[in-house]
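The structure file structure12.cif is reproduced below (mmCIF, C-alpha atoms).
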data_protein
#
loop_
_atom_site.label_atom_id
_atom_site.label_comp_id
_atom_site.auth_asym_id
_atom_site.auth_seq_id
_atom_site.Cartn_x
_atom_site.Cartn_y
_atom_site.Cartn_z
CA MET A 1 10.29 7.75 41.58
CA ALA A 2 11.68 4.23 41.49
CA LEU A 3 9.16 1.37 41.57
CA GLU A 4 10.74 -0.14 44.65
CA LYS A 5 9.97 3.05 46.59
CA LEU A 6 6.23 2.90 45.91
CA ARG A 7 4.11 2.01 48.90
CA PRO A 8 1.06 0.09 47.71
CA GLU A 9 -2.24 0.16 49.53
CA PRO A 10 -2.75 -3.01 51.58
CA ASP A 11 -5.23 -4.47 49.09
CA GLY A 12 -4.28 -2.56 45.95
CA PHE A 13 -2.29 -3.15 42.83
CA VAL A 14 -0.26 -0.35 41.23
CA ILE A 15 0.02 -0.17 37.44
CA ALA A 16 2.50 2.08 35.65
CA ALA A 17 2.89 2.30 31.87
CA ASP A 18 4.43 4.44 29.17
CA THR A 19 4.88 4.31 25.43
CA VAL A 20 7.63 5.42 23.07
CA VAL A 21 7.70 5.49 19.26
CA ALA A 22 10.89 4.62 17.37
CA ALA A 23 11.51 5.35 13.70
CA GLY A 24 14.69 3.47 12.94
CA ARG A 25 17.13 4.47 15.67
CA ARG A 26 15.35 7.75 16.36
CA ILE A 27 13.07 8.04 19.40
CA LEU A 28 9.98 10.18 18.82
CA HIS A 29 8.98 11.65 22.16
CA LYS A 30 5.64 13.07 23.22
CA THR A 31 4.99 16.19 21.18
CA GLU A 32 4.22 19.58 22.62
CA SER A 33 4.95 21.79 19.61
CA ARG A 34 3.33 21.89 16.20
CA GLU A 35 6.79 21.90 14.61
CA ASP A 36 7.76 18.63 16.32
CA ALA A 37 4.44 17.05 15.35
CA ALA A 38 4.91 18.11 11.71
CA ALA A 39 8.45 16.72 11.65
CA TYR A 40 7.26 13.41 13.16
CA LEU A 41 4.39 13.08 10.67
CA ALA A 42 6.76 13.75 7.78
CA LEU A 43 9.19 11.15 9.14
CA LEU A 44 6.49 8.50 9.64
CA SER A 45 4.72 9.14 6.33
CA GLY A 46 4.94 6.15 4.01
CA ARG A 47 6.98 3.97 6.35
CA ARG A 48 6.78 1.54 9.24
CA HIS A 49 7.91 2.28 12.77
CA LYS A 50 7.95 0.53 16.13
CA VAL A 51 5.93 1.34 19.20
CA HIS A 52 7.26 0.10 22.54
CA SER A 53 4.81 0.06 25.44
CA ALA A 54 6.14 -0.85 28.87
CA VAL A 55 3.91 -1.82 31.77
CA ALA A 56 4.85 -2.61 35.36
CA VAL A 57 2.51 -4.00 38.00
CA ARG A 58 3.18 -4.04 41.71
CA ALA A 59 1.16 -6.42 43.87
CA PRO A 60 0.00 -5.56 47.40
CA ASP A 61 2.74 -7.86 48.75
CA GLY A 62 5.44 -5.86 46.91
CA ARG A 63 6.15 -8.27 44.04
CA ILE A 64 6.70 -6.53 40.70
CA ALA A 65 6.11 -7.86 37.19
CA CYS A 66 7.08 -5.97 34.04
CA ARG A 67 6.62 -6.38 30.32
CA VAL A 68 7.57 -4.46 27.18
CA VAL A 69 5.31 -4.95 24.19
CA GLU A 70 6.59 -4.10 20.71
CA SER A 71 4.22 -3.33 17.87
CA VAL A 72 4.94 -2.35 14.28
CA VAL A 73 2.79 0.35 12.71
CA GLY A 74 2.79 1.37 9.06
CA PHE A 75 1.68 4.79 7.89
CA ALA A 76 0.36 5.40 4.41
CA ARG A 77 2.07 8.19 2.51
CA LEU A 78 0.51 11.42 3.76
CA ASP A 79 -0.11 14.40 1.52
CA ALA A 80 0.17 18.02 2.64
CA PRO A 81 -3.60 18.53 3.23
CA GLN A 82 -3.77 15.39 5.43
CA MET A 83 -0.85 16.59 7.51
CA GLN A 84 -2.20 20.13 7.83
CA ASP A 85 -5.66 18.88 8.85
CA TYR A 86 -4.16 16.59 11.48
CA LEU A 87 -1.91 19.33 12.83
CA ALA A 88 -4.89 21.71 13.00
CA SER A 89 -6.81 19.15 15.09
CA GLU A 90 -4.13 19.36 17.81
CA GLU A 91 -4.81 15.71 18.57
CA TRP A 92 -1.04 15.19 18.40
CA ARG A 93 -0.42 17.14 21.63
CA GLY A 94 1.30 15.02 24.24
CA LYS A 95 1.28 11.91 22.04
CA ALA A 96 4.34 9.72 21.56
CA GLY A 97 5.31 10.02 17.92
CA GLY A 98 2.87 12.88 17.46
CA TYR A 99 -0.23 10.79 16.76
CA ALA A 100 -3.10 8.96 18.42
CA ILE A 101 -4.00 5.71 16.65
CA GLN A 102 -7.40 5.71 18.37
CA GLY A 103 -8.32 9.07 16.87
CA LEU A 104 -8.07 10.83 13.53
CA ALA A 105 -4.70 9.24 12.76
CA ALA A 106 -6.43 5.86 12.44
CA SER A 107 -7.02 6.82 8.81
CA PHE A 108 -3.22 6.95 8.26
CA ILE A 109 -2.59 3.36 9.36
CA ASP A 110 -2.17 0.80 6.60
CA PHE A 111 -0.37 -1.85 8.68
CA LEU A 112 -0.38 -2.99 12.30
CA SER A 113 1.38 -5.97 13.81
CA GLY A 114 1.27 -6.41 17.56
CA SER A 115 -0.93 -4.83 20.19
CA TYR A 116 -3.43 -2.16 19.18
CA SER A 117 -4.03 -1.28 22.83
CA GLY A 118 -0.26 -1.10 23.31
CA VAL A 119 -0.06 1.52 20.58
CA VAL A 120 -2.88 3.41 22.31
CA GLY A 121 -0.78 3.36 25.48
CA LEU A 122 -1.64 0.39 27.71
CA PRO A 123 -1.27 -3.16 26.37
CA LEU A 124 -4.44 -4.59 27.93
CA HIS A 125 -3.88 -8.30 27.26
CA GLU A 126 -0.37 -8.23 28.69
CA THR A 127 -1.44 -6.07 31.65
CA ALA A 128 -4.20 -8.53 32.52
CA LYS A 129 -1.71 -11.42 32.31
CA LEU A 130 0.68 -9.61 34.66
CA LEU A 131 -2.15 -8.92 37.11
CA ARG A 132 -3.34 -12.54 37.06
CA GLY A 133 0.24 -13.76 37.53
CA LEU A 134 0.47 -11.65 40.68
CA GLY A 135 -2.78 -13.02 42.09
CA TRP A 136 -5.40 -10.51 40.91
CA ARG A 137 -8.77 -12.14 40.31
#

As structure tokens, please, write out the structure in this file.
Amino acid sequence: MALEKLRPEPDGFVIAADTVVAAGRRILHKTESREDAAAYLALLSGRRHKVHSAVAVRAPDGRIACRVVESVVGFARLDAPQMQDYLASEEWRGKAGGYAIQGLAASFIDFLSGSYSGVVGLPLHETAKLLRGLGWR
């Protein structure tokens, strides 16, 4: 549904957000299969990738503010037991890029530049700025 078709509550703000992981020019979607998660982990192992988190806020008066936050995440080189243990946890299910930085995969991260909360899925600082800019107190 397009943002302009949303009907906000008279006194409410609407927040929408989503995150995508990019390794080079390849987009790593939310994983649903173990095979996809394994392929993503292998691709991310030992390299840096970008995480793009978009947030849109609609004010009660209909004004909309949007922001895309880019973060760079570096994975340590993962060995087979690390990958197998992570896959067995199933924490990767439904996660962009096949991992959750706030969970077990935190032990894979050797570099982060940008917004930690953006990598989790909602860039909190930027969301708060958008809300304040639209009159939220």

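For segment 68-85 of chain A, the residues within 6 Å (counting only C-alpha atoms, excluding itself and residues fewer than 2 positions away along the chain) are Ser45, Gly46, Arg47, Arg48, His49, Lys50, Val51, His52, Ser53, Ala54, Leu87, Ala88, Phe108, Ile109, Asp110, Phe111, Leu112, Ser113, Gly114 and Ser115 of chain A.
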
* To do: Report as number ranges by chain the full result of the PyMOL selection byres ((chain A and resi 41) around 9) when it is applied to this structure.
  => A: 36-40, 42-45, 78, 83, 97-99

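Nearest to Arg67 of chain A of all the residues A:Val55, A:Val20, A:Leu134, A:Ile15 is A:Val55, counting only C-alpha atoms.
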
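Relative to atom CA of Arg58 of chain A, atom CA of Ala22 of chain A is found at 27.0 Å.
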
Enumerate, as an mmCIF file with C-alpha atoms, in the frame of the given file, the residues matched when the PyMOL selection byres ((chain A and resi 102) around 12) is run on the file above.
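Written file, out_8.cif:
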data_model
loop_
_atom_site.group_PDB
_atom_site.id
_atom_site.type_symbol
_atom_site.label_atom_id
_atom_site.label_comp_id
_atom_site.auth_asym_id
_atom_site.auth_seq_id
_atom_site.Cartn_x
_atom_site.Cartn_y
_atom_site.Cartn_z
ATOM 1 C CA GLU A 91 -4.810 15.710 18.570
ATOM 2 C CA TRP A 92 -1.040 15.190 18.400
ATOM 3 C CA LYS A 95 1.280 11.910 22.040
ATOM 4 C CA TYR A 99 -0.230 10.790 16.760
ATOM 5 C CA ALA A 100 -3.100 8.960 18.420
ATOM 6 C CA ILE A 101 -4.000 5.710 16.650
ATOM 7 C CA GLY A 103 -8.320 9.070 16.870
ATOM 8 C CA LEU A 104 -8.070 10.830 13.530
ATOM 9 C CA ALA A 105 -4.700 9.240 12.760
ATOM 10 C CA ALA A 106 -6.430 5.860 12.440
ATOM 11 C CA SER A 107 -7.020 6.820 8.810
ATOM 12 C CA PHE A 108 -3.220 6.950 8.260
ATOM 13 C CA ILE A 109 -2.590 3.360 9.360
ATOM 14 C CA TYR A 116 -3.430 -2.160 19.180
ATOM 15 C CA SER A 117 -4.030 -1.280 22.830
ATOM 16 C CA GLY A 118 -0.260 -1.100 23.310
ATOM 17 C CA VAL A 119 -0.060 1.520 20.580
ATOM 18 C CA VAL A 120 -2.880 3.410 22.310
ATOM 19 C CA GLY A 121 -0.780 3.360 25.480
#

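Distance check against Thr19 of chain A using only C-alpha atoms: of A:Val57, A:Thr31, A:Ile64, A:Ala96, the minimum falls on A:Ala96.
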
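By chain and then residue number, the residues within 12 Å of Lys129 of chain A are Val55, Ala56, Val57, Ala65, Cys66, Arg67, Pro123, Leu124, His125, Glu126, Arg132, Gly133, Leu134, Gly135, Trp136 and Arg137 of chain A, counting all atoms listed in the file and disregarding those fewer than 3 positions away in sequence.
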
* Quick one: pull the distance between atom CA of Ala16 of chain A and atom CA of Glu32 of chain A, Å, one decimal. => 21.9 Å

Starting from 5 Å padding per side, set up an axis-aligned box that covers all listed atoms of segment 129-135 of chain A and hand over centre and edge lengths in Å, one decimal, as AutoDock Vina command-line options.
--center_x -1.3 --center_y -11.3 --center_z 37.2 --size_x 14.0 --size_y 14.8 --size_z 19.8

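As for atom CA of Gly12 of chain A and atom CA of Pro60 of chain A, they are spaced 5.4 Å apart.
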
Please rebuild segment 39-65 of chain A with N, CA and C atoms and give the result as a PDB file, in the frame of the given file.
ATOM      1  N   ALA A  39       7.235  17.469  11.989  1.00  0.00           N
ATOM      2  CA  ALA A  39       8.450  16.720  11.650  1.00  0.00           C
ATOM      3  C   ALA A  39       8.223  15.216  11.843  1.00  0.00           C
ATOM      4  N   TYR A  40       7.528  14.828  12.912  1.00  0.00           N
ATOM      5  CA  TYR A  40       7.260  13.410  13.160  1.00  0.00           C
ATOM      6  C   TYR A  40       6.343  12.834  12.085  1.00  0.00           C
ATOM      7  N   LEU A  41       5.288  13.557  11.727  1.00  0.00           N
ATOM      8  CA  LEU A  41       4.390  13.080  10.670  1.00  0.00           C
ATOM      9  C   LEU A  41       5.130  12.896   9.358  1.00  0.00           C
ATOM     10  N   ALA A  42       5.983  13.846   9.025  1.00  0.00           N
ATOM     11  CA  ALA A  42       6.760  13.750   7.780  1.00  0.00           C
ATOM     12  C   ALA A  42       7.686  12.532   7.831  1.00  0.00           C
ATOM     13  N   LEU A  43       8.287  12.284   8.980  1.00  0.00           N
ATOM     14  CA  LEU A  43       9.190  11.150   9.140  1.00  0.00           C
ATOM     15  C   LEU A  43       8.438   9.813   9.044  1.00  0.00           C
ATOM     16  N   LEU A  44       7.253   9.744   9.616  1.00  0.00           N
ATOM     17  CA  LEU A  44       6.490   8.500   9.640  1.00  0.00           C
ATOM     18  C   LEU A  44       5.735   8.232   8.333  1.00  0.00           C
ATOM     19  N   SER A  45       5.487   9.258   7.557  1.00  0.00           N
ATOM     20  CA  SER A  45       4.720   9.140   6.330  1.00  0.00           C
ATOM     21  C   SER A  45       5.329   8.104   5.377  1.00  0.00           C
ATOM     22  N   GLY A  46       4.514   7.136   4.996  1.00  0.00           N
ATOM     23  CA  GLY A  46       4.940   6.150   4.010  1.00  0.00           C
ATOM     24  C   GLY A  46       5.913   5.098   4.522  1.00  0.00           C
ATOM     25  N   ARG A  47       6.038   4.965   5.839  1.00  0.00           N
ATOM     26  CA  ARG A  47       6.980   3.970   6.350  1.00  0.00           C
ATOM     27  C   ARG A  47       6.446   3.309   7.623  1.00  0.00           C
ATOM     28  N   ARG A  48       7.115   2.247   8.004  1.00  0.00           N
ATOM     29  CA  ARG A  48       6.780   1.540   9.240  1.00  0.00           C
ATOM     30  C   ARG A  48       7.678   2.016  10.368  1.00  0.00           C
ATOM     31  N   HIS A  49       7.149   1.923  11.568  1.00  0.00           N
ATOM     32  CA  HIS A  49       7.910   2.280  12.770  1.00  0.00           C
ATOM     33  C   HIS A  49       7.485   1.349  13.903  1.00  0.00           C
ATOM     34  N   LYS A  50       8.243   1.389  14.978  1.00  0.00           N
ATOM     35  CA  LYS A  50       7.950   0.530  16.130  1.00  0.00           C
ATOM     36  C   LYS A  50       7.400   1.366  17.280  1.00  0.00           C
ATOM     37  N   VAL A  51       6.490   0.740  18.001  1.00  0.00           N
ATOM     38  CA  VAL A  51       5.930   1.340  19.200  1.00  0.00           C
ATOM     39  C   VAL A  51       6.223   0.387  20.353  1.00  0.00           C
ATOM     40  N   HIS A  52       6.908   0.897  21.367  1.00  0.00           N
ATOM     41  CA  HIS A  52       7.260   0.100  22.540  1.00  0.00           C
ATOM     42  C   HIS A  52       6.421   0.603  23.713  1.00  0.00           C
ATOM     43  N   SER A  53       5.622  -0.290  24.275  1.00  0.00           N
ATOM     44  CA  SER A  53       4.810   0.060  25.440  1.00  0.00           C
ATOM     45  C   SER A  53       5.263  -0.797  26.613  1.00  0.00           C
ATOM     46  N   ALA A  54       5.678  -0.145  27.679  1.00  0.00           N
ATOM     47  CA  ALA A  54       6.140  -0.850  28.870  1.00  0.00           C
ATOM     48  C   ALA A  54       5.068  -0.735  29.950  1.00  0.00           C
ATOM     49  N   VAL A  55       4.856  -1.822  30.652  1.00  0.00           N
ATOM     50  CA  VAL A  55       3.910  -1.820  31.770  1.00  0.00           C
ATOM     51  C   VAL A  55       4.564  -2.546  32.943  1.00  0.00           C
ATOM     52  N   ALA A  56       4.364  -1.998  34.118  1.00  0.00           N
ATOM     53  CA  ALA A  56       4.850  -2.610  35.360  1.00  0.00           C
ATOM     54  C   ALA A  56       3.680  -2.679  36.328  1.00  0.00           C
ATOM     55  N   VAL A  57       3.576  -3.806  37.012  1.00  0.00           N
ATOM     56  CA  VAL A  57       2.510  -4.000  38.000  1.00  0.00           C
ATOM     57  C   VAL A  57       3.150  -4.378  39.317  1.00  0.00           C
ATOM     58  N   ARG A  58       2.712  -3.704  40.366  1.00  0.00           N
ATOM     59  CA  ARG A  58       3.180  -4.040  41.710  1.00  0.00           C
ATOM     60  C   ARG A  58       1.994  -4.583  42.498  1.00  0.00           C
ATOM     61  N   ALA A  59       2.190  -5.769  43.070  1.00  0.00           N
ATOM     62  CA  ALA A  59       1.160  -6.420  43.870  1.00  0.00           C
ATOM     63  C   ALA A  59       1.150  -5.842  45.289  1.00  0.00           C
ATOM     64  N   PRO A  60       0.058  -6.047  46.012  1.00  0.00           N
ATOM     65  CA  PRO A  60       0.000  -5.560  47.400  1.00  0.00           C
ATOM     66  C   PRO A  60       1.131  -6.097  48.279  1.00  0.00           C
ATOM     67  N   ASP A  61       1.652  -7.284  47.946  1.00  0.00           N
ATOM     68  CA  ASP A  61       2.740  -7.860  48.750  1.00  0.00           C
ATOM     69  C   ASP A  61       4.126  -7.355  48.323  1.00  0.00           C
ATOM     70  N   GLY A  62       4.180  -6.451  47.334  1.00  0.00           N
ATOM     71  CA  GLY A  62       5.440  -5.860  46.910  1.00  0.00           C
ATOM     72  C   GLY A  62       6.084  -6.502  45.697  1.00  0.00           C
ATOM     73  N   ARG A  63       5.580  -7.649  45.241  1.00  0.00           N
ATOM     74  CA  ARG A  63       6.150  -8.270  44.040  1.00  0.00           C
ATOM     75  C   ARG A  63       5.866  -7.377  42.839  1.00  0.00           C
ATOM     76  N   ILE A  64       6.827  -7.353  41.893  1.00  0.00           N
ATOM     77  CA  ILE A  64       6.700  -6.530  40.700  1.00  0.00           C
ATOM     78  C   ILE A  64       6.868  -7.402  39.463  1.00  0.00           C
ATOM     79  N   ALA A  65       6.005  -7.184  38.489  1.00  0.00           N
ATOM     80  CA  ALA A  65       6.110  -7.860  37.190  1.00  0.00           C
ATOM     81  C   ALA A  65       6.093  -6.795  36.106  1.00  0.00           C
TER      82      ALA A  65
END
